[in-house]
$ cat upload_0.cif   # mmCIF, C-alpha atoms
data_input
#
loop_
_atom_site.label_atom_id
_atom_site.label_comp_id
_atom_site.auth_asym_id
_atom_site.auth_seq_id
_atom_site.Cartn_x
_atom_site.Cartn_y
_atom_site.Cartn_z
CA MET A 633 177.70 96.07 77.41
CA GLY A 634 177.57 92.98 79.61
CA GLY A 635 180.70 90.86 79.54
CA LEU A 636 182.94 93.31 77.71
CA ASP A 637 186.38 93.98 79.10
CA ALA A 638 186.67 96.94 81.42
CA GLY A 639 188.91 98.23 84.18
CA ASP A 640 188.27 98.81 87.86
CA VAL A 641 184.93 100.21 88.96
CA PRO A 642 185.45 103.93 89.53
CA ARG A 643 184.17 104.57 93.04
CA ALA A 644 184.22 108.34 93.29
CA ASP A 645 180.72 109.71 93.56
CA HIS A 646 179.42 113.23 93.09
CA ASP A 647 176.56 115.26 94.42
CA PHE A 648 174.28 115.91 91.51
CA ALA A 649 174.42 119.37 89.98
CA LEU A 650 171.22 121.37 89.66
CA TRP A 651 171.30 121.12 85.87
CA GLU A 652 171.56 117.33 86.16
CA LYS A 653 168.57 117.16 88.48
CA ARG A 654 166.67 119.30 86.00
CA VAL A 655 167.53 116.83 83.22
CA ASP A 656 166.23 114.02 85.38
CA ALA A 657 163.06 115.96 86.18
CA LEU A 658 162.43 116.71 82.49
CA MET A 659 162.82 113.03 81.69
CA ILE A 660 160.26 112.01 84.30
CA ILE A 661 157.78 114.77 83.44
CA CYS A 662 157.94 114.41 79.66
CA SER A 663 157.73 110.62 79.69
CA SER A 664 154.83 110.66 82.13
CA LYS A 665 153.01 113.07 79.81
CA GLY A 666 153.45 110.67 76.92
CA HIS A 667 155.95 112.61 74.81
CA PHE A 668 158.26 109.61 74.71
CA THR A 669 158.80 106.25 76.33
CA VAL A 670 161.81 105.18 78.36
CA ASP A 671 162.39 102.69 75.52
CA GLY A 672 162.64 105.55 73.04
CA LEU A 673 165.10 107.30 75.32
CA ARG A 674 167.22 104.15 75.49
CA ARG A 675 167.08 103.66 71.72
CA VAL A 676 168.48 107.13 71.05
CA LEU A 677 171.17 106.57 73.68
CA GLU A 678 172.15 103.28 72.06
CA ASP A 679 172.26 104.85 68.59
CA MET A 680 174.83 107.41 69.73
CA PRO A 681 178.36 106.74 68.52
CA PRO A 682 180.22 104.37 70.86
CA ALA A 683 182.70 107.07 71.82
CA SER A 684 179.89 109.17 73.30
CA PHE A 685 179.73 106.88 76.33
CA ASP A 686 183.24 107.87 77.30
CA GLU A 687 183.31 111.43 75.98
CA MET A 688 179.99 112.60 77.40
CA THR A 689 178.76 112.38 80.96
CA TYR A 690 175.62 110.46 81.86
CA TYR A 691 173.38 113.55 82.01
CA GLU A 692 174.89 115.04 78.86
CA ARG A 693 173.80 111.92 77.00
CA TRP A 694 170.40 112.05 78.68
CA ILE A 695 169.62 115.66 77.70
CA MET A 696 170.69 114.82 74.16
CA SER A 697 168.30 111.88 74.12
CA ILE A 698 165.46 113.86 75.69
CA ALA A 699 165.89 116.61 73.10
CA GLN A 700 165.96 114.12 70.22
CA ASN A 701 162.86 112.35 71.49
CA LEU A 702 161.01 115.66 71.84
CA VAL A 703 161.91 116.50 68.25
CA GLU A 704 160.62 113.11 67.12
CA ASP A 705 157.39 113.78 68.99
CA GLY A 706 157.01 117.13 67.30
CA VAL A 707 157.11 119.16 70.52
CA ILE A 708 160.16 121.15 69.40
CA THR A 709 162.17 121.35 66.23
CA ASN A 710 165.93 121.05 65.97
CA ALA A 711 165.99 124.53 64.42
CA GLU A 712 164.23 126.28 67.29
CA LEU A 713 166.31 124.32 69.77
CA GLY A 714 169.43 125.50 68.00
CA ARG A 715 168.24 129.12 68.07
CA ARG A 716 167.47 128.94 71.77
CA ILE A 717 170.81 127.32 72.62
CA THR A 718 172.57 130.20 70.86
CA ALA A 719 170.50 132.72 72.79
CA VAL A 720 171.26 130.97 76.07
CA GLN A 721 174.97 130.90 75.35
CA GLN A 722 174.92 134.63 74.68
CA ARG A 723 173.51 135.43 78.11
CA GLY A 724 176.71 134.78 79.97
CA LEU A 725 179.64 132.56 80.57
CA THR A 726 178.38 130.48 83.48
CA TYR A 727 175.37 128.21 84.04
CA GLY A 728 174.13 130.57 86.72
CA GLU A 729 174.13 133.55 84.37
CA ALA A 730 172.67 131.64 81.44
CA ALA A 731 169.85 130.10 83.45
CA HIS A 732 168.66 133.50 84.69
CA GLY A 733 168.21 135.14 81.32
CA MET B 311 161.59 134.45 87.46
CA PRO B 312 160.85 133.24 91.02
CA HIS B 313 163.89 132.29 93.06
CA ASP B 314 164.57 128.56 92.89
CA HIS B 315 165.22 127.30 96.42
CA HIS B 316 167.41 124.53 95.10
CA GLU B 317 170.25 126.76 94.19
CA HIS B 318 172.27 126.92 97.40
CA LEU B 319 172.73 123.57 99.12
CA SER B 320 171.96 120.01 98.11
CA PRO B 321 169.94 117.82 100.48
CA SER B 322 173.16 116.28 101.75
CA ARG B 323 174.09 119.83 102.80
CA HIS B 324 176.95 119.98 100.35
CA PRO B 325 177.11 122.91 97.99
CA PHE B 326 176.04 121.82 94.54
CA ARG B 327 179.03 121.12 92.37
CA ALA B 328 180.12 124.59 91.45
CA ASP B 329 178.45 124.42 88.04
CA ASN B 330 176.93 127.81 88.64
CA ASP B 331 180.43 129.27 88.41
CA VAL B 332 182.10 127.19 85.74
CA PRO B 333 181.93 127.90 82.02
CA LEU B 334 178.60 126.94 80.52
CA THR B 335 178.83 123.75 78.48
CA TYR B 336 176.89 123.09 75.30
CA TRP B 337 174.85 120.42 77.06
CA GLN B 338 173.97 122.68 79.96
CA ALA B 339 172.83 125.26 77.42
CA MET B 340 170.70 122.55 75.83
CA GLU B 341 169.10 121.74 79.16
CA ILE B 342 168.23 125.40 79.72
CA ALA B 343 166.92 125.70 76.16
CA VAL B 344 164.79 122.56 76.35
CA ARG B 345 163.38 123.51 79.72
CA GLU B 346 162.49 127.05 78.65
CA LEU B 347 160.91 125.90 75.41
CA LEU B 348 158.83 123.29 77.21
CA ILE B 349 157.59 125.89 79.70
CA GLU B 350 156.80 128.37 76.93
CA LYS B 351 154.89 125.73 75.01
CA GLY B 352 152.86 124.80 78.06
CA VAL B 353 154.18 121.27 78.30
CA THR B 354 155.29 121.88 81.88
CA THR B 355 155.87 124.67 84.37
CA ALA B 356 158.80 125.84 86.47
CA ALA B 357 156.87 124.78 89.57
CA GLU B 358 156.29 121.30 88.21
CA ILE B 359 159.98 120.86 87.45
CA SER B 360 160.97 122.19 90.83
CA GLY B 361 158.41 119.94 92.49
CA GLN B 362 159.76 116.89 90.68
CA ILE B 363 163.27 117.73 91.90
CA ASP B 364 161.93 118.00 95.45
CA THR B 365 160.23 114.63 95.11
CA MET B 366 163.44 113.03 93.87
CA ASP B 367 165.52 114.68 96.60
CA ALA B 368 163.22 113.22 99.24
CA ARG B 369 164.03 109.71 98.06
CA THR B 370 167.03 108.37 99.88
CA PRO B 371 168.32 104.93 100.83
CA ALA B 372 166.55 105.43 104.17
CA ASN B 373 163.38 104.38 102.31
CA GLY B 374 164.88 101.06 101.29
CA ALA B 375 166.43 100.56 104.72
CA ALA B 376 162.99 100.89 106.32
CA VAL B 377 161.64 98.24 103.93
CA VAL B 378 164.51 95.88 104.76
CA ALA B 379 164.15 96.36 108.52
CA ARG B 380 160.46 95.63 108.32
CA PHE B 381 161.10 92.58 106.13
CA TRP B 382 163.45 91.22 108.75
CA THR B 383 161.04 91.66 111.66
CA ASP B 384 157.49 91.41 110.31
CA PRO B 385 156.63 87.95 108.89
CA ALA B 386 153.33 89.14 107.38
CA PHE B 387 155.15 91.95 105.57
CA ARG B 388 157.85 89.54 104.45
CA ASP B 389 155.19 87.26 102.94
CA ALA B 390 153.52 90.23 101.26
CA MET B 391 156.89 91.25 99.80
CA ARG B 392 157.41 87.76 98.44
CA THR B 393 153.97 87.79 96.81
CA ASP B 394 153.93 91.32 95.43
CA ALA B 395 156.69 93.65 96.53
CA SER B 396 155.24 96.59 94.58
CA ALA B 397 151.97 96.41 96.54
CA ALA B 398 153.69 95.76 99.86
CA THR B 399 156.00 98.78 99.55
CA ARG B 400 153.19 100.94 98.19
CA GLU B 401 151.33 100.35 101.44
CA MET B 402 154.38 101.67 103.28
CA GLY B 403 154.11 104.82 101.20
CA PHE B 404 156.71 104.00 98.55
CA ASP B 405 155.03 103.92 95.17
CA ILE B 406 157.09 102.40 92.39
CA GLY B 407 154.63 103.65 89.75
CA PRO B 408 154.47 101.60 86.55
CA MET B 409 157.53 99.51 87.39
CA LYS B 410 157.40 96.19 89.21
CA LEU B 411 159.52 95.65 92.32
CA ILE B 412 161.14 92.33 93.08
CA ALA B 413 162.91 91.76 96.40
CA VAL B 414 165.71 89.22 96.29
CA GLU B 415 166.82 87.79 99.60
CA SER B 416 170.43 87.15 100.46
CA THR B 417 171.46 84.48 102.94
CA ALA B 418 174.67 82.80 103.98
CA GLU B 419 174.23 80.46 101.02
CA LEU B 420 173.15 82.99 98.38
CA HIS B 421 174.38 86.52 97.70
CA ASN B 422 172.38 88.67 95.29
CA ILE B 423 173.77 91.60 93.29
CA VAL B 424 171.92 93.83 90.82
CA VAL B 425 173.14 95.47 87.63
CA CYS B 426 171.56 96.95 84.52
CA THR B 427 173.83 96.08 81.59
CA LEU B 428 171.59 97.79 79.05
CA CYS B 429 171.23 101.17 80.75
CA SER B 430 170.95 102.14 84.44
CA CYS B 431 167.64 100.82 85.78
CA TYR B 432 167.51 101.29 89.53
CA PRO B 433 164.79 101.32 92.25
CA ARG B 434 164.94 105.10 92.56
CA ASN B 435 161.89 105.45 94.75
CA LEU B 436 163.58 103.33 97.42
CA LEU B 437 167.23 104.29 97.01
CA GLY B 438 167.29 107.73 95.39
CA LEU B 439 169.36 108.41 92.30
CA PRO B 440 171.91 105.75 91.34
CA PRO B 441 175.57 106.40 92.13
CA ASP B 442 178.01 107.07 89.30
CA TRP B 443 179.69 103.69 89.67
CA TYR B 444 176.42 101.84 89.07
CA LYS B 445 176.21 103.54 85.67
CA SER B 446 179.86 103.02 84.79
CA ARG B 447 181.10 100.91 81.93
CA ALA B 448 183.19 98.83 84.34
CA TYR B 449 180.31 97.91 86.64
CA ARG B 450 177.88 97.18 83.82
CA ALA B 451 180.38 95.16 81.80
CA ARG B 452 182.04 93.13 84.54
CA THR B 453 179.36 92.35 87.09
CA VAL B 454 177.61 89.77 84.89
CA ARG B 455 180.89 88.08 84.06
CA GLU B 456 183.05 88.36 87.18
CA PRO B 457 180.83 89.44 90.07
CA ARG B 458 183.24 88.18 92.72
CA SER B 459 186.05 90.29 91.31
CA VAL B 460 183.75 93.32 91.35
CA LEU B 461 182.63 92.49 94.89
CA ALA B 462 186.24 92.24 95.99
CA GLU B 463 186.77 95.83 94.79
CA PHE B 464 183.92 96.80 97.09
CA GLY B 465 185.56 94.93 99.95
CA VAL B 466 183.17 91.97 99.88
CA VAL B 467 184.76 88.53 99.73
CA LEU B 468 182.44 85.54 99.77
CA PRO B 469 183.26 81.90 100.42
CA THR B 470 183.03 79.52 97.47
CA SER B 471 180.21 77.76 99.32
CA THR B 472 178.07 80.89 98.84
CA GLN B 473 176.44 81.19 95.45
CA VAL B 474 176.53 84.63 93.84
CA ARG B 475 173.44 85.44 91.79
CA VAL B 476 173.56 88.42 89.44
CA HIS B 477 170.27 90.05 88.45
CA ASP B 478 170.45 91.89 85.14
CA SER B 479 167.60 94.35 85.25
CA THR B 480 166.72 94.18 81.54
CA ALA B 481 163.01 95.02 81.50
CA ASP B 482 160.52 96.79 83.72
CA MET B 483 161.44 95.07 86.95
CA ARG B 484 163.35 96.91 89.63
CA TYR B 485 165.29 95.00 92.24
CA ILE B 486 166.04 95.56 95.88
CA VAL B 487 168.36 93.19 97.66
CA ILE B 488 167.26 92.22 101.16
CA PRO B 489 170.69 91.69 102.71
CA ALA B 490 171.25 88.91 105.21
CA ARG B 491 170.30 90.08 108.69
CA PRO B 492 173.43 90.58 110.80
CA ALA B 493 173.97 88.27 113.74
CA GLY B 494 173.37 89.57 117.26
CA THR B 495 170.31 91.70 116.40
CA GLN B 496 167.52 89.47 117.66
CA ASP B 497 165.52 91.95 119.72
CA TRP B 498 166.39 95.11 117.85
CA THR B 499 163.76 97.64 116.85
CA GLN B 500 163.09 98.32 113.16
CA GLU B 501 164.61 101.75 113.56
CA ALA B 502 167.84 100.36 114.97
CA LEU B 503 167.99 97.67 112.30
CA ALA B 504 167.45 100.18 109.51
CA ALA B 505 170.64 101.95 110.60
CA LEU B 506 172.58 98.80 109.71
CA VAL B 507 171.28 98.74 106.14
CA THR B 508 173.57 100.58 103.73
CA ARG B 509 172.66 101.63 100.20
CA ASP B 510 175.28 99.30 98.79
CA SER B 511 173.85 96.35 100.73
CA MET B 512 170.53 96.89 98.91
CA ILE B 513 172.28 96.81 95.52
CA GLY B 514 174.40 93.87 96.54
CA THR B 515 177.83 95.50 96.48
CA GLY B 516 177.92 95.55 100.25
CA LEU B 517 176.67 93.71 103.31
CA ALA B 518 174.54 95.07 106.11
CA LYS B 519 176.65 96.45 108.94
CA SER B 520 177.37 94.29 111.95
CA PRO B 521 176.36 95.62 115.40
CA LYS B 522 180.08 95.68 116.25
CA ALA B 523 180.63 98.20 113.46
CA LEU B 524 178.41 100.70 115.22
CA ALA B 525 180.16 100.36 118.57
CA MET C 1441 162.26 74.95 88.32
CA GLY C 1442 160.70 75.72 85.00
CA GLU C 1443 161.17 74.95 81.38
CA LYS C 1444 164.59 74.79 79.77
CA VAL C 1445 164.95 77.45 77.09
CA ARG C 1446 167.55 78.82 74.69
CA VAL C 1447 167.89 82.50 73.89
CA ARG C 1448 167.74 82.97 70.13
CA PRO C 1449 171.19 83.56 68.67
CA ASP C 1450 170.01 86.37 66.37
CA MET C 1451 171.97 89.62 66.19
CA PRO C 1452 169.57 92.19 64.72
CA PRO C 1453 170.38 95.89 64.58
CA GLY C 1454 168.49 98.49 66.58
CA HIS C 1455 166.93 98.56 70.03
CA ILE C 1456 166.92 95.11 71.58
CA ARG C 1457 166.24 94.34 75.21
CA THR C 1458 167.91 90.94 75.18
CA PRO C 1459 171.54 91.42 76.17
CA ALA C 1460 174.05 90.28 73.55
CA TYR C 1461 176.00 88.20 76.05
CA LEU C 1462 172.96 85.94 76.55
CA ARG C 1463 172.20 85.23 72.89
CA GLY C 1464 172.33 81.54 72.13
CA LYS C 1465 172.64 80.57 75.81
CA ILE C 1466 170.54 77.96 77.59
CA GLY C 1467 168.79 78.54 80.92
CA VAL C 1468 165.61 77.69 82.80
CA ILE C 1469 162.54 79.82 83.35
CA GLU C 1470 162.46 81.02 86.95
CA ARG C 1471 159.07 82.79 86.71
CA THR C 1472 156.81 84.36 84.13
CA LEU C 1473 155.64 87.97 84.30
CA GLY C 1474 153.51 90.29 82.24
CA PRO C 1475 152.31 90.49 79.60
CA PHE C 1476 154.07 93.75 78.81
CA PRO C 1477 154.10 95.77 75.60
CA ASN C 1478 157.14 94.92 73.47
CA PRO C 1479 159.73 97.60 74.19
CA GLU C 1480 161.43 96.94 70.84
CA GLN C 1481 158.31 98.41 69.22
CA LEU C 1482 157.71 101.15 71.80
CA ALA C 1483 161.23 102.40 71.17
CA TYR C 1484 160.20 103.28 67.60
CA ARG C 1485 156.90 104.89 68.58
CA ARG C 1486 154.89 101.85 67.51
CA GLN C 1487 152.24 100.28 69.66
CA GLY C 1488 153.88 97.45 71.60
CA GLU C 1489 152.41 93.97 71.18
CA ALA C 1490 151.66 92.44 74.60
CA LEU C 1491 154.18 89.70 75.30
CA PRO C 1492 154.93 87.42 78.24
CA LEU C 1493 158.19 88.22 79.98
CA HIS C 1494 160.21 85.38 81.44
CA ARG C 1495 162.85 85.60 84.13
CA VAL C 1496 165.45 83.11 83.01
CA ARG C 1497 168.19 81.69 85.21
CA PHE C 1498 171.55 80.79 83.67
CA THR C 1499 174.60 79.28 85.31
CA MET C 1500 177.81 81.23 84.77
CA ALA C 1501 179.19 78.13 83.09
CA ALA C 1502 176.31 78.16 80.58
CA VAL C 1503 177.04 81.78 79.71
CA TRP C 1504 180.83 82.05 79.91
CA GLY C 1505 181.98 78.44 79.59
CA ALA C 1506 183.93 76.19 81.88
CA GLY C 1507 186.47 78.96 82.44
CA ALA C 1508 183.87 81.16 84.14
CA GLU C 1509 184.92 82.96 87.34
CA HIS C 1510 182.72 80.63 89.40
CA PRO C 1511 180.83 78.20 87.15
CA THR C 1512 177.98 77.51 89.60
CA ASP C 1513 177.17 81.17 90.23
CA THR C 1514 174.06 82.29 88.38
CA ILE C 1515 172.63 85.14 86.33
CA GLU C 1516 168.95 85.96 86.10
CA ALA C 1517 167.60 88.24 83.39
CA GLU C 1518 164.20 89.13 82.03
CA ILE C 1519 163.74 87.94 78.45
CA TYR C 1520 160.71 88.59 76.27
CA ALA C 1521 158.97 85.46 75.01
CA HIS C 1522 159.77 86.03 71.32
CA TRP C 1523 163.45 85.73 72.13
CA LEU C 1524 163.19 82.24 73.64
CA GLU C 1525 162.93 78.87 71.98
CA PRO C 1526 162.41 75.48 73.60
CA VAL C 1527 165.41 73.19 74.04
#

$ encode --input "upload_0.cif" --output "structure tokens"
Amino acid sequence: MGGLDAGDVPRADHDFALWEKRVDALMIICSSKGHFTVDGLRRVLEDMPPASFDEMTYYERWIMSIAQNLVEDGVITNAELGRRITAVQQRGLTYGEAAHG
Amino acid sequence: MPHDHHEHLSPSRHPFRADNDVPLTYWQAMEIAVRELLIEKGVTTAAEISGQIDTMDARTPANGAAVVARFWTDPAFRDAMRTDASAATREMGFDIGPMKLIAVESTAELHNIVVCTLCSCYPRNLLGLPPDWYKSRAYRARTVREPRSVLAEFGVVLPTSTQVRVHDSTADMRYIVIPARPAGTQDWTQEALAALVTRDSMIGTGLAKSPKALA
Amino acid sequence: MGEKVRVRPDMPPGHIRTPAYLRGKIGVIERTLGPFPNPEQLAYRRQGEALPLHRVRFTMAAVWGAGAEHPTDTIEAEIYAHWLEPV
């Protein structure tokens, strides 16, 4: 990405949401336990379609990459992940409700 | 499930962004799903995840500021930092783990600024989590090409006689900028000096505060 | 200052830790680190061959041409040995 044209640096910051901190924690824990390398995480991020950088937030891309790397490592399958996501979504409309299922 | 003490206020005492009350996104559902599956499969535990969040929350720019203040006042520490910054900071209690820390020193003649064009590498153990702007397309794209223009957006204007050096953190090194020590601080304690060191000054998008700024 | 080197001008697909904007550019080795396992192999779950890692210093003019924002400003980046060739 170095050297490409871009606009002003957006300065607004945000306090990290709990779900984002959980993504970060999962990345640290799973990589330290050898389920994937940071390089593997980066590779999946880079392979995402270019539009994903602008359409997804930083932690949305990271949970996608973590999930993909875990599938590659055989810890979870895409199918069971899909089933669990559906179950989570059915618990309620908000993060708070869905995380307490 | 045991109550997670993180759920009310963030360490900066702000309420977490009201994600608890907004409609669940697909990606949030994925995070919950991944986390639950990993716990069920015995890969990790809720306590381990919570503990990791606590560890990360405890890391703030105050860590880096303490390193800078000591660098400015303790010649033996400064030499140790120049030889092996990972070891020197580890002895202060800041373990960078498998990464390697490099301290780059700014002076009147040389201003250092750090970017990671390939992703978002950042010395998290010394500065906490990176700000959104550090991870933005604009910062990552432009800093290696027009650092002075980027610096100007941050309110930093340097004379042409000062060289700007951009460090692109492409591998396993992590960088901390030791900003130039402000004038008029000769006999200051490390604690007082640390209060002059901003997070941005340790990335290179800012300068350390002048004593006049605190008045 | 160290040896003058050129970053290989190759443009392979896949996970590469040498930034595209530095390919084909000439700089000098500022210091050598490592060896480290090759991240381009680790990214694909292969064992990474241990390689020296060089910090290379480039002038802005060398990277962006005479029209650079400030030609004598510099960039330093870490480049794995297999990406560098002597000048």

$ closest_residue --input "upload_0.cif" --among "A:Ile708, A:Gly639, A:Gly728, A:Ile695" --to "Met340 in chain B" --atoms "only C-alpha atoms"
A:Ile695

$ residues_around --input "upload_0.cif" --residues "Arg434 in chain B" --least-positions-apart "4" --cutoff "9 Å" --atoms "all atoms listed in the file" --output "number ranges by chain"
B: 366, 369-371, 406, 438-440, 484

$ interface_residues --input "upload_0.cif" --of "chain A" --to "chain B" --cutoff "6 Å" --atoms "all atoms listed in the file" --output "VMD selection string"
chain A and resid 633 to 636 638 to 639 641 to 643 645 649 657 692 716 to 717 725 to 728

$ resolve_selection --input "upload_0.cif" --expression "the PyMOL selection byres ((chain B and resi 382-390) around 9)" --output "list in words"
Val377, Val378, Ala379, Arg380, Phe381, Met391, Arg392, Thr393, Asp394, Ala395, Ala397, Ala398, Ile488, Ala490, Arg491, Trp498, Thr499, Gln500 and Leu503 of chain B

$ resolve_selection --input "upload_0.cif" --expression "the PyMOL selection byres ((chain C) within 10 of (chain B))" --output "MDAnalysis selection string"
chainID C and resid 1456:1461 1473:1474 1476 1478:1479 1493 1495 1497:1500 1503:1504 1508:1520

$ closest_atom_pairs --input "upload_0.cif" --of "chain A" --to "chain C" --cutoff "8 Å" --atoms "all atoms listed in the file" --output "tab-separated table"
residue	atom	partner	partner_atom	distance
A:Met633	CA	C:Pro1459	CA	7.8
A:Gly634	CA	C:Tyr1461	CA	6.2
A:Gly635	CA	C:Tyr1461	CA	6.4
A:Phe668	CA	C:Arg1485	CA	7.9
A:Thr669	CA	C:Ala1483	CA	6.9
A:Val670	CA	C:Ala1483	CA	7.7
A:Asp671	CA	C:Ala1483	CA	4.5
A:Gly672	CA	C:Ala1483	CA	3.9
A:Leu673	CA	C:Ala1483	CA	7.5
A:Arg674	CA	C:Ala1483	CA	7.6
A:Arg675	CA	C:His1455	CA	5.4
A:Glu678	CA	C:His1455	CA	7.3
A:Asp679	CA	C:Gly1454	CA	7.7

$ atom_distance --input "upload_0.cif" --atom1 "CA of Leu461 in chain B" --atom2 "CA of Ala504 in chain B"
22.4 Å

$ atom_distance --input "upload_0.cif" --atom1 "CA of Val655 in chain A" --atom2 "CA of Val720 in chain A"
16.3 Å

$ resolve_selection --input "upload_0.cif" --expression "the PyMOL selection byres ((chain C and resi 1466) around 7)" --output "count of residues only"
8

$ atom_distance --input "upload_0.cif" --atom1 "CA of Pro492 in chain B" --atom2 "CA of Val507 in chain B"
9.6 Å

$ closest_residue --input "upload_0.cif" --among "A:Val676, A:Tyr691, A:Ile698, A:Gly706" --to "Leu650 in chain A" --atoms "all atoms listed in the file"
A:Tyr691
